[in-house]
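All remarks here apply to the structure that follows.
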Amino acid sequence: MANEGRKPFRRPREPKEFDDVVVSINRVSKTVKGGRRMRFAALVVIGDHKGRVGFGMGKAAEVPDAIKKATEAANKNVFRVQLTDNNRTVPSDALGKHGATSVVLKPAAPGTGVIAGGAVRSILELAGVSDVVSKVIGSRTSVNVVYATLDALRSMRTVEEVAKLRGKKISEIR
């Protein structure tokens, strides 16, 4: 053999652009004539810790396939989150709603950390937020919590944007 004694050529792995977190995996069933048909639904959140975050849902007969589909869907709907100058916290209070779920996000002092649980914590950490206080009000269904958190993040505006919209100087708003 010509390749004896040598290591096989391996292409170096490219660093991943986004980190991903599997928020939930649900087993769902469909009743058909022959019985129940089981499938798995996965909810995945991705982010780069620098202000970009996205999420996706995928369904398949096996868990790894569902996670792969969800990750691909998450890559397709990534958006940029408005953060403060040093990407430390959210610029202002924000309320996001989806269905029976409401998520409140409030800016926090340096050193506070991410005071959030479950899906909200995953999203905020992947977005790169290091100090924030949050509260989930109403239904705590993970899919609704993710949608409501992303709604809150999309609705935020920086002081500069608000000043421009109102036609005022930043000093007049603060």
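Ordered as shown in the structure tokens, chains take letters A, B, and onward, while each chain numbers its residues from 1 and ligands are numbered from 1 in the order shown.
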
- [ ] Using only C-alpha atoms, determine which residues lie at most 12 Å from A:Val162, disregarding the query and same-chain residues fewer than 5 positions distant; provide the list as a list in words.
- [x] Pro91, Ser92, Ser155, Met156, Arg157, Gly167, Lys168, Lys169, Ile170, Ser171, Glu172, Ile173 and Arg174 of chain A

Task: Exercise: A:Ala60 partners within 12 Å, only C-alpha atoms, chain neighbours under 4 positions left out, as a PyMOL selection string - done: chain A and resi 25-29+37-43+64-70

Task: 9 Å contact set for A:Arg121, only C-alpha atoms, chain neighbours under 6 positions out, as an MDAnalysis selection string - done: chainID A and resid 114:115 134

Task: Distance criterion (only C-alpha atoms): nearest to A:Thr71 out of A:Lys97, A:Phe18, A:Gly51, A:Arg36 - done: A:Phe18

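Counting only C-alpha atoms, the residue from A:Gly47, A:Gly138, A:Gly34, A:Pro12 that sits nearest to A:Glu125 is A:Gly47.
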
Task: Separation of atom CA of A:Asp20 from atom CA of A:Ser130, in Å and rounded to one decimal - done: 17.4 Å

Task: stretch 64-93 of chain A: residues DSSP assigns to alpha helix (DSSP H), reported as a PyMOL selection string - done: chain A and resi 64-76

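Taking only C-alpha atoms into account, A:Asp48 lies nearest to A:Asn75 out of the set A:Asn75, A:Thr112, A:Ser139, A:Thr149.
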
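With only C-alpha atoms as the atoms that count, the minimum distance from A:Lys135 to the choices A:Thr158, A:Asn77, A:Ser122, A:Ser102 is reached by A:Ser102.
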
- [ ] Could you check which of A:Glu62, A:Arg52, A:Thr31, A:Ser142 is closest to A:Ala127, using only C-alpha atoms?
- [x] A:Arg52

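With only C-alpha atoms as the atoms that count, the minimum distance from A:Lys50 to the choices A:Arg11, A:Lys33, A:Arg80, A:Arg154 is reached by A:Arg80.
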
Task: Atomic separation - atom CA of A:Leu83 relative to atom CA of A:Ala100, Å - done: 26.4 Å

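Between atom CA of A:Gly56 and atom CA of A:Pro15 there is a distance of 21.0 Å.
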